[in-house]
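S.K.: The structure's right below; bear with me while I get my questions together.
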Amino acid sequence: MKMVVAYIRHEAFEPIREDLLAAGFPSISITEVKGSGRQKGITEHYRGSTLAIHLRPKLKIECVVDDADVSLITSTIQRHARTGDVGDGKIFLLPVEGAVRIRTGEEGPEVLQAHEAEEIPAGA
Amino acid sequence: MKKALKRAVLPLSAAALVALLAPTSALADSHDLSQAIAGKLDMSVGVNSLWVIVAGALVMFMQAGFAFLEIGFSRAKNAGTVIAKILTNFSIAAVCWWAVGFAFAFGAGSLLGHSGGFFFTNLGDPLKTFPVMGTSDATIESKWFFQFVFCAVSLAIVWGTTLERIKFGVYVIYAIVFASVIYPIGAHWVFGGGFLQSGHWLGTNIAGMQDFAGSTAVHLIGATGAFAALLLLGPRKGKYDAQGKPRAIPGHNMPLFGLGVLILWLGWFGFNPGSTLNALDGRFPEILFITNLAAAAGVIAAVATAYWRTKAIDIGMAGNGAIAALVAITAPSGYVEIWAAPIIGAVAGVIVVLGVYAIDKLIDDPVGALSAHGLAGIWGTISCGLFTAPRLAQYNGFGDPQGGLVYSGHFTQLAAQCIGFAIAFSFVFAMSFGTFWVIKKTYGLRVTTEEEDAGLDISEHGMYGYPEQFIPEPELIGYGATPSLAPRPIATSTTQEATA
């Protein structure tokens, strides 16, 4: 099992979400974060003074999947998050020791994603 | 100064005095002042001017209403730009209205006012130079101000459809064309004494168009400009999904939107009742009564319609219902009896909700301006053809003296209303579409996708409307509170690095 952690632009999220859902990976978490990398900051002008802002808003996606599914997830994220400009973000892979579904007590890789389409809640 | 004037005037005969006054009355206030000095200024001039200025100030305050309404319906990243736009537009309109707009709109002439008044000079006898306002003896400055704030309202309506994606420069360019040419000509035809208002044009038997305070002349003209802009501008990014289905882009602040609606409602108590340009005929309280009643009916009808269609009590639609009803009652407010007001308002409340739902499927109008000012403006104009009372048509002196359909039993007035709004719409649409098309081909209408994503506040103005929401706290606080030019405090520490 691996945790995929990706830092992306906000506007890339919706198509990634749609493709992951269609591919049977509904279980993801997101966090709105502020960070910096190679992308330049912006300058706010306020009544003759300026303020340099280096931290830019990004979206952090977390998603735990089977080792075999990792390349599908990363390629989906890359396909939609890549604009070619500095600031597209990064993807990190972390090893995961274990997993428990709280509702049923199931353990192991089968709790990771709802692969069957009928298990995905309506309106998701 | 006064003495010198008296010395110059005294030796002249009465006839020469009149001859002398004729050129100096180009400055109207000097005319009024000399009348006052001579003890000949009627008190009614003061009373009527006072009412027109008070009403005009209420209409000016509607700019705040438009600002808050648009800010509330925008996302937080596009909040500040609205303030810069409203202030800039209002100011450009003021200068253009002084230069040419007022003269075009309210001078004598069938197609275009051309009897003087450019740069507020050559006013002659203002009651004759601006004949359509000749029945009121309020000073020409008060009338200028009142008509100017109408022009500014019409211009403010244009931008409701363009929020969150238009280049700021477009506001500036179009404002000049709109306040100098488009609005003055359209308004002249409809309520400035032009051919639509006087009727029987081109040898036809068409009755004069009735538009008391501007359902067509102000609101439909503004909404038509908004429609032309929107067609060339396109929807906001993310408004429609891959299948073309509309998605909601919720505005960031419903309380601000509500404040805007209430300010507009208040402003309408100047807009319609002030259009009497006269306090002494005692009509303005009745018109205010009618205006308020229609707005109330509009809110109730809009809330009910929205609940019927969506099973939710829609906050935005409650406000849109008020605006639409106020727009609709604007034309008939000086022409109908009180009983007609709730009917006109309620129909407008239904129209605006169904209109927003239908329009949203096709084009992206963030505040519902096309519905609230366009469709409701058309309905209000038509409603004169239905409900105008004969006594008020005769008093105002425009249109069929037998009144609207329910009184006269024939379609004379209704036909005049329909032809009138159709001509006004066609003219303004052609002029506005042409203007925006030229802007699009040269300067460009729309910001880049990156700028739209970042928001107009930072991309067009370099600053946020809500800095704390977009600038991370650690970067906002900063460090070192001493200006760099001030002498640095003497370090008490012994290490060199601490002061470097």
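A note on labels: chains of the structure tokens are A, B, ... as shown, every chain counts residues from 1, and ligands are counted from 1 in their shown order.
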What's the 9 Å shell around Leu51 in chain A, counting only C-alpha atoms, without same-chain residues fewer than 6 positions away, as a short mmCIF file (atom, residue, chain, number, x, y, z; two decimals) with C-alpha atoms, in the first residue's frame?
M.R.:
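Output saved as out-v9.cif:
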```
data_model
loop_
_atom_site.label_atom_id
_atom_site.label_comp_id
_atom_site.auth_asym_id
_atom_site.auth_seq_id
_atom_site.Cartn_x
_atom_site.Cartn_y
_atom_site.Cartn_z
CA ILE A 42 3.27 37.93 -6.18
CA THR A 43 3.46 41.52 -5.02
CA GLU A 44 0.51 43.24 -3.45
CA HIS A 45 0.39 47.00 -3.97
CA GLU B 475 3.57 36.97 5.53
CA LEU B 476 1.02 39.58 6.55
#
```
S.K.: Would you tabulate, counting only C-alpha atoms, all residues of chain B that have an atom at most 8 Å from an atom of chain A, showing the closest pair of atoms and their distance in Å to one decimal, sorted by chain then ascending number, as a Markdown table?
M.R.:
```
| residue | atom | partner | partner_atom | distance |
| --- | --- | --- | --- | --- |
| B:Asp453 | CA | A:Glu11 | CA | 7.7 |
| B:Ile458 | CA | A:Glu44 | CA | 7.3 |
| B:His461 | CA | A:His45 | CA | 8.0 |
| B:Gly462 | CA | A:Glu44 | CA | 5.2 |
| B:Met463 | CA | A:Glu44 | CA | 5.0 |
| B:Tyr464 | CA | A:Glu44 | CA | 7.7 |
| B:Phe470 | CA | A:Pro57 | CA | 8.0 |
| B:Ile471 | CA | A:Ile53 | CA | 6.9 |
| B:Pro472 | CA | A:Leu55 | CA | 6.9 |
| B:Glu475 | CA | A:Ile53 | CA | 6.5 |
```
S.K.: Closest to Gly194 in chain B among B:Trp339, B:Phe271, B:Phe104, B:Trp437, using only C-alpha atoms?
M.R.: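 Selected residue with least distance to Gly194 in chain B: B:Phe104.
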S.K.: Just to confirm, what's the straight-line distance from CA of Lys239 in chain B to CA of Glu452 in chain B in Å (one decimal)?
M.R.: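 About the pair CA of Lys239 in chain B and CA of Glu452 in chain B: they are 12.5 Å apart.
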S.K.: Using the chain letters and numbers from this document, which residues of range 1-60 of chain A does DSSP assign to helix (DSSP H, G or I), as a list in words?
M.R.: His10, Glu11, Ala12, Phe13, Glu14, Pro15, Ile16, Arg17, Glu18, Asp19, Leu20, Leu21 and Ala22 of chain A
S.K.: Could you tell me how far CA of Ile86 in chain B lies from CA of Leu155 in chain B, in Å and to one decimal?
M.R.: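 Spanning CA of Ile86 in chain B to CA of Leu155 in chain B is a straight-line distance of 9.5 Å.
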S.K.: Got a sec: who's within 9 Å of Ile16 in chain A, counting only C-alpha atoms, leaving out chain neighbours fewer than 3 positions off, as a list of chain:residue names?
M.R.: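 My list of contacting residues is A:Ala12, A:Phe13, A:Asp19, A:Leu20, A:Leu21, A:Thr76, A:Ile77, A:Gln78, A:Arg79, A:His80, A:Ala81.
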S.K.: Could you pull the residues within 8 Å of range 299-303 of chain B, counting only C-alpha atoms, minus those fewer than 2 positions along the same chain, as a ChimeraX atom specification?
M.R.: /B:295-297,305-307,313-314,317-322,325,346-347,349-350,352-353
S.K.: Write the selection just made, keeping C-alpha atoms, as an mmCIF file, in the first residue's frame?
M.R.:
```
data_model
loop_
_atom_site.group_PDB
_atom_site.id
_atom_site.type_symbol
_atom_site.label_atom_id
_atom_site.label_comp_id
_atom_site.auth_asym_id
_atom_site.auth_seq_id
_atom_site.Cartn_x
_atom_site.Cartn_y
_atom_site.Cartn_z
ATOM 1 C CA ALA B 295 -41.825 46.186 -4.681
ATOM 2 C CA ALA B 296 -43.535 44.400 -1.808
ATOM 3 C CA ALA B 297 -45.658 42.382 -4.224
ATOM 4 C CA THR B 305 -42.170 31.290 -7.405
ATOM 5 C CA ALA B 306 -38.690 30.217 -6.351
ATOM 6 C CA TYR B 307 -40.148 27.997 -3.620
ATOM 7 C CA ILE B 313 -36.642 30.031 0.078
ATOM 8 C CA ASP B 314 -34.019 31.615 -2.116
ATOM 9 C CA MET B 317 -34.440 35.614 -5.512
ATOM 10 C CA ALA B 318 -36.128 37.580 -2.713
ATOM 11 C CA GLY B 319 -33.819 40.451 -3.609
ATOM 12 C CA ASN B 320 -34.176 39.970 -7.353
ATOM 13 C CA GLY B 321 -37.961 40.065 -6.893
ATOM 14 C CA ALA B 322 -37.746 43.460 -5.209
ATOM 15 C CA ALA B 325 -40.804 44.884 -9.323
ATOM 16 C CA ALA B 346 -46.212 40.539 -8.605
ATOM 17 C CA VAL B 347 -45.997 39.715 -12.308
ATOM 18 C CA GLY B 349 -41.586 38.915 -9.351
ATOM 19 C CA VAL B 350 -42.659 35.824 -11.284
ATOM 20 C CA VAL B 352 -37.608 37.583 -12.828
ATOM 21 C CA VAL B 353 -37.362 34.132 -11.233
#
```
S.K.: Quick one: of B:Ile363, B:Ala393, B:Ile206, B:Ala55, who's nearest to Leu414 in chain B, counting only C-alpha atoms?
M.R.: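 The shortest atom-to-atom distance to Leu414 in chain B comes from B:Ile206.
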S.K.: Please provide as a ChimeraX atom specification all residues within 10 Å of range 90-97 of chain A, with the sequence filter that same-chain residues fewer than 4 positions apart are discarded (counting only C-alpha atoms).
M.R.: /A:1-8,37,60-67,70,74,77-78,81-82,108
S.K.: Write the selection just made, keeping N, CA and C atoms, as a short mmCIF file (atom, residue, chain, number, x, y, z; two decimals), in the first residue's frame?
M.R.:
```cif
data_model
loop_
_atom_site.label_atom_id
_atom_site.label_comp_id
_atom_site.auth_asym_id
_atom_site.auth_seq_id
_atom_site.Cartn_x
_atom_site.Cartn_y
_atom_site.Cartn_z
N MET A 1 0.84 -1.21 0.00
CA MET A 1 0.00 0.00 0.00
C MET A 1 0.87 1.25 0.00
N LYS A 2 0.40 2.24 -0.74
CA LYS A 2 1.15 3.50 -0.81
C LYS A 2 0.20 4.67 -0.62
N MET A 3 0.69 5.72 0.03
CA MET A 3 -0.07 6.97 0.07
C MET A 3 0.50 7.90 -0.99
N VAL A 4 -0.39 8.36 -1.88
CA VAL A 4 0.02 9.35 -2.88
C VAL A 4 -0.32 10.72 -2.32
N VAL A 5 0.67 11.58 -2.19
CA VAL A 5 0.44 12.96 -1.73
C VAL A 5 0.83 13.89 -2.87
N ALA A 6 -0.13 14.67 -3.33
CA ALA A 6 0.15 15.55 -4.46
C ALA A 6 -0.20 16.99 -4.10
N TYR A 7 0.68 17.91 -4.49
CA TYR A 7 0.41 19.35 -4.33
C TYR A 7 0.13 19.90 -5.72
N ILE A 8 -1.08 20.42 -5.92
CA ILE A 8 -1.48 20.82 -7.28
C ILE A 8 -2.12 22.21 -7.26
N GLY A 37 7.64 26.98 -3.87
CA GLY A 37 8.60 26.14 -4.55
C GLY A 37 9.40 27.02 -5.47
N LYS A 60 -3.64 20.15 -1.59
CA LYS A 60 -2.92 18.92 -1.27
C LYS A 60 -3.91 17.77 -1.34
N ILE A 61 -3.60 16.76 -2.17
CA ILE A 61 -4.46 15.58 -2.29
C ILE A 61 -3.76 14.40 -1.61
N GLU A 62 -4.51 13.66 -0.81
CA GLU A 62 -3.98 12.42 -0.22
C GLU A 62 -4.87 11.26 -0.63
N CYS A 63 -4.23 10.15 -0.99
CA CYS A 63 -4.99 9.03 -1.53
C CYS A 63 -4.17 7.76 -1.29
N VAL A 64 -4.73 6.78 -0.57
CA VAL A 64 -4.00 5.54 -0.28
C VAL A 64 -4.50 4.45 -1.21
N VAL A 65 -3.57 3.80 -1.94
CA VAL A 65 -3.96 2.77 -2.92
C VAL A 65 -3.00 1.60 -2.88
N ASP A 66 -3.41 0.51 -3.54
CA ASP A 66 -2.53 -0.65 -3.73
C ASP A 66 -1.29 -0.25 -4.52
N ASP A 67 -0.19 -0.95 -4.28
CA ASP A 67 1.03 -0.64 -5.04
C ASP A 67 0.78 -0.68 -6.53
N VAL A 70 -0.67 2.60 -8.13
CA VAL A 70 0.01 3.88 -7.94
C VAL A 70 0.24 4.61 -9.26
N THR A 74 -0.93 8.43 -10.23
CA THR A 74 0.03 9.51 -10.53
C THR A 74 -0.12 9.98 -11.98
N ILE A 77 -3.15 12.29 -12.14
CA ILE A 77 -2.85 13.62 -11.56
C ILE A 77 -1.98 14.42 -12.51
N GLN A 78 -0.97 13.76 -13.05
CA GLN A 78 -0.06 14.48 -13.96
C GLN A 78 -0.79 14.99 -15.19
N ALA A 81 -2.87 18.06 -13.99
CA ALA A 81 -2.23 19.12 -13.20
C ALA A 81 -1.09 19.78 -13.96
N ARG A 82 -0.67 19.15 -15.05
CA ARG A 82 0.49 19.67 -15.77
C ARG A 82 0.08 20.74 -16.78
N GLY A 108 -6.51 -4.24 5.99
CA GLY A 108 -5.74 -4.59 4.81
C GLY A 108 -6.17 -3.87 3.56
#
```
S.K.: Check the smallest atom-to-atom distance from each of B:Ile83, B:Leu262, B:Ala341, B:Leu370 to Phe227 in chain B using only C-alpha atoms, then report the winner.
M.R.: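 Checking each candidate against Phe227 in chain B, we get B:Leu370 as the closest.
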S.K.: CA of Phe73 in chain B and CA of His252 in chain B, how far apart in Å?
M.R.: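 These two atoms are separated by 6.3 Å.
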S.K.: Excluding Gly368 in chain B and its own-chain neighbours fewer than 2 positions away, which residues fall within 10 Å of it when counting only C-alpha atoms? Please give them as a tab-separated table (two decimals) with N, CA and C atoms, in the first residue's frame.
M.R.:
```tsv
chain	number	residue	atom	x	y	z
B	73	PHE	N	-22.70	39.15	-4.86
B	73	PHE	CA	-22.88	38.08	-5.83
B	73	PHE	C	-21.58	37.65	-6.52
B	160	GLY	N	-23.57	44.32	-14.66
B	160	GLY	CA	-23.99	43.16	-13.88
B	160	GLY	C	-23.69	41.83	-14.54
B	161	THR	N	-23.74	41.79	-15.87
B	161	THR	CA	-23.50	40.52	-16.56
B	161	THR	C	-22.03	40.22	-16.75
B	223	ALA	N	-29.75	47.18	-19.43
B	223	ALA	CA	-29.73	45.72	-19.57
B	223	ALA	C	-29.39	45.32	-20.99
B	316	GLY	N	-31.32	35.14	-2.71
B	316	GLY	CA	-31.04	35.99	-3.86
B	316	GLY	C	-32.30	36.33	-4.63
B	317	MET	N	-33.22	35.36	-4.75
B	317	MET	CA	-34.44	35.61	-5.51
B	317	MET	C	-35.37	36.59	-4.78
B	320	ASN	N	-33.89	39.76	-5.93
B	320	ASN	CA	-34.18	39.97	-7.35
B	320	ASN	C	-35.64	40.34	-7.57
B	324	ALA	N	-36.78	43.60	-9.55
B	324	ALA	CA	-37.57	43.47	-10.78
B	324	ALA	C	-38.88	44.25	-10.66
B	352	VAL	N	-39.05	37.53	-13.09
B	352	VAL	CA	-37.61	37.58	-12.83
B	352	VAL	C	-37.07	36.20	-12.45
B	353	VAL	N	-37.85	35.44	-11.67
B	353	VAL	CA	-37.36	34.13	-11.23
B	353	VAL	C	-37.31	33.17	-12.42
B	355	GLY	N	-37.24	33.93	-15.48
B	355	GLY	CA	-36.25	34.47	-16.42
B	355	GLY	C	-34.83	34.07	-16.05
B	356	VAL	N	-34.49	34.18	-14.77
B	356	VAL	CA	-33.14	33.81	-14.34
B	356	VAL	C	-32.90	32.33	-14.62
B	357	TYR	N	-33.88	31.49	-14.30
B	357	TYR	CA	-33.70	30.05	-14.53
B	357	TYR	C	-33.47	29.78	-16.01
B	359	ILE	N	-32.50	31.93	-18.51
B	359	ILE	CA	-31.31	32.58	-19.07
B	359	ILE	C	-30.04	31.86	-18.63
B	360	ASP	N	-30.05	31.36	-17.38
B	360	ASP	CA	-28.86	30.71	-16.82
B	360	ASP	C	-28.47	29.46	-17.62
B	364	ASP	N	-24.25	33.37	-19.11
B	364	ASP	CA	-23.84	33.50	-17.72
B	364	ASP	C	-24.04	34.94	-17.23
B	365	ASP	N	-25.14	35.17	-16.55
B	365	ASP	CA	-25.47	36.50	-16.02
B	365	ASP	C	-25.41	36.41	-14.49
B	366	PRO	N	-24.26	36.77	-13.89
B	366	PRO	CA	-24.03	36.47	-12.46
B	366	PRO	C	-25.06	37.09	-11.52
B	370	LEU	N	-30.16	40.68	-16.64
B	370	LEU	CA	-30.97	40.60	-17.86
B	370	LEU	C	-32.43	40.37	-17.50
B	371	SER	N	-32.64	39.59	-16.45
B	371	SER	CA	-34.01	39.33	-16.00
B	371	SER	C	-34.58	40.53	-15.25
B	372	ALA	N	-33.85	40.98	-14.25
B	372	ALA	CA	-34.39	41.99	-13.33
B	372	ALA	C	-34.52	43.35	-13.99
B	373	HIS	N	-33.59	43.71	-14.87
B	373	HIS	CA	-33.68	45.02	-15.52
B	373	HIS	C	-34.20	44.93	-16.94
B	374	GLY	N	-33.90	43.81	-17.64
B	374	GLY	CA	-34.33	43.67	-19.02
B	374	GLY	C	-35.76	43.20	-19.14
```
S.K.: Select from range 174-229 of chain B every residue with an atom at most 9 Å from any atom of range 112-134 of chain B, then for each give the shortest pair of atoms and their distance in Å to one decimal, using only C-alpha atoms, rows by chain and rising number, as a Markdown table.
M.R.:
```
| residue | atom | partner | partner_atom | distance |
| --- | --- | --- | --- | --- |
| B:Pro184 | CA | B:Leu112 | CA | 8.4 |
| B:Ile185 | CA | B:Leu112 | CA | 6.2 |
| B:His188 | CA | B:Leu112 | CA | 6.7 |
| B:Trp189 | CA | B:Leu112 | CA | 7.8 |
| B:Phe191 | CA | B:Val132 | CA | 8.0 |
| B:Gly192 | CA | B:Val132 | CA | 6.1 |
| B:Gly193 | CA | B:Val132 | CA | 5.3 |
| B:Gly194 | CA | B:Leu112 | CA | 7.0 |
```
S.K.: Quick one: residues within 9 Å of range 404-412 of chain B, only C-alpha atoms counted, chain neighbours fewer than 3 positions away excluded, as a PyMOL selection string?
M.R.: chain B and resi 206-207+383-390+393+399-401+415-417
S.K.: Restricting it to N, CA and C atoms, dump the selection as an mmCIF file, in the first residue's frame.
M.R.:
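Below is the file that was written, selection39.cif:
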```cif
data_model
loop_
_atom_site.group_PDB
_atom_site.id
_atom_site.type_symbol
_atom_site.label_atom_id
_atom_site.label_comp_id
_atom_site.auth_asym_id
_atom_site.auth_seq_id
_atom_site.Cartn_x
_atom_site.Cartn_y
_atom_site.Cartn_z
ATOM 1 N N ILE B 206 -49.150 56.513 -34.511
ATOM 2 C CA ILE B 206 -48.742 55.838 -33.278
ATOM 3 C C ILE B 206 -48.796 56.820 -32.104
ATOM 4 N N ALA B 207 -49.368 56.360 -30.996
ATOM 5 C CA ALA B 207 -49.475 57.210 -29.813
ATOM 6 C C ALA B 207 -48.096 57.416 -29.198
ATOM 7 N N SER B 383 -46.824 47.324 -19.296
ATOM 8 C CA SER B 383 -47.924 47.477 -18.338
ATOM 9 C C SER B 383 -48.584 48.848 -18.435
ATOM 10 N N CYS B 384 -47.850 49.861 -18.919
ATOM 11 C CA CYS B 384 -48.493 51.155 -19.171
ATOM 12 C C CYS B 384 -49.591 50.995 -20.214
ATOM 13 N N GLY B 385 -49.325 50.189 -21.210
ATOM 14 C CA GLY B 385 -50.320 49.982 -22.255
ATOM 15 C C GLY B 385 -51.560 49.274 -21.751
ATOM 16 N N LEU B 386 -51.427 48.611 -20.590
ATOM 17 C CA LEU B 386 -52.581 47.919 -20.017
ATOM 18 C C LEU B 386 -53.303 48.789 -18.997
ATOM 19 N N PHE B 387 -52.545 49.416 -18.100
ATOM 20 C CA PHE B 387 -53.150 49.966 -16.884
ATOM 21 C C PHE B 387 -53.162 51.493 -16.796
ATOM 22 N N THR B 388 -52.577 52.215 -17.749
ATOM 23 C CA THR B 388 -52.523 53.668 -17.632
ATOM 24 C C THR B 388 -53.929 54.248 -17.472
ATOM 25 N N ALA B 389 -54.065 55.077 -16.442
ATOM 26 C CA ALA B 389 -55.368 55.696 -16.178
ATOM 27 C C ALA B 389 -55.524 56.944 -17.049
ATOM 28 N N PRO B 390 -56.708 57.156 -17.629
ATOM 29 C CA PRO B 390 -56.901 58.318 -18.511
ATOM 30 C C PRO B 390 -56.540 59.636 -17.840
ATOM 31 N N ALA B 393 -52.748 60.002 -17.866
ATOM 32 C CA ALA B 393 -52.226 60.205 -19.222
ATOM 33 C C ALA B 393 -52.472 61.643 -19.647
ATOM 34 N N GLY B 399 -49.091 60.139 -24.714
ATOM 35 C CA GLY B 399 -49.809 58.909 -25.025
ATOM 36 C C GLY B 399 -51.287 59.138 -25.250
ATOM 37 N N ASP B 400 -52.017 58.016 -25.303
ATOM 38 C CA ASP B 400 -53.444 58.023 -25.591
ATOM 39 C C ASP B 400 -54.211 58.605 -24.394
ATOM 40 N N PRO B 401 -54.930 59.705 -24.566
ATOM 41 C CA PRO B 401 -55.643 60.296 -23.425
ATOM 42 C C PRO B 401 -56.761 59.400 -22.891
ATOM 43 N N ALA B 415 -49.751 49.159 -28.241
ATOM 44 C CA ALA B 415 -48.927 49.105 -29.453
ATOM 45 C C ALA B 415 -47.787 50.105 -29.367
ATOM 46 N N ALA B 416 -48.092 51.306 -28.894
ATOM 47 C CA ALA B 416 -47.039 52.330 -28.779
ATOM 48 C C ALA B 416 -45.935 51.872 -27.832
ATOM 49 N N GLN B 417 -46.335 51.208 -26.736
ATOM 50 C CA GLN B 417 -45.343 50.737 -25.758
ATOM 51 C C GLN B 417 -44.441 49.670 -26.380
#
```
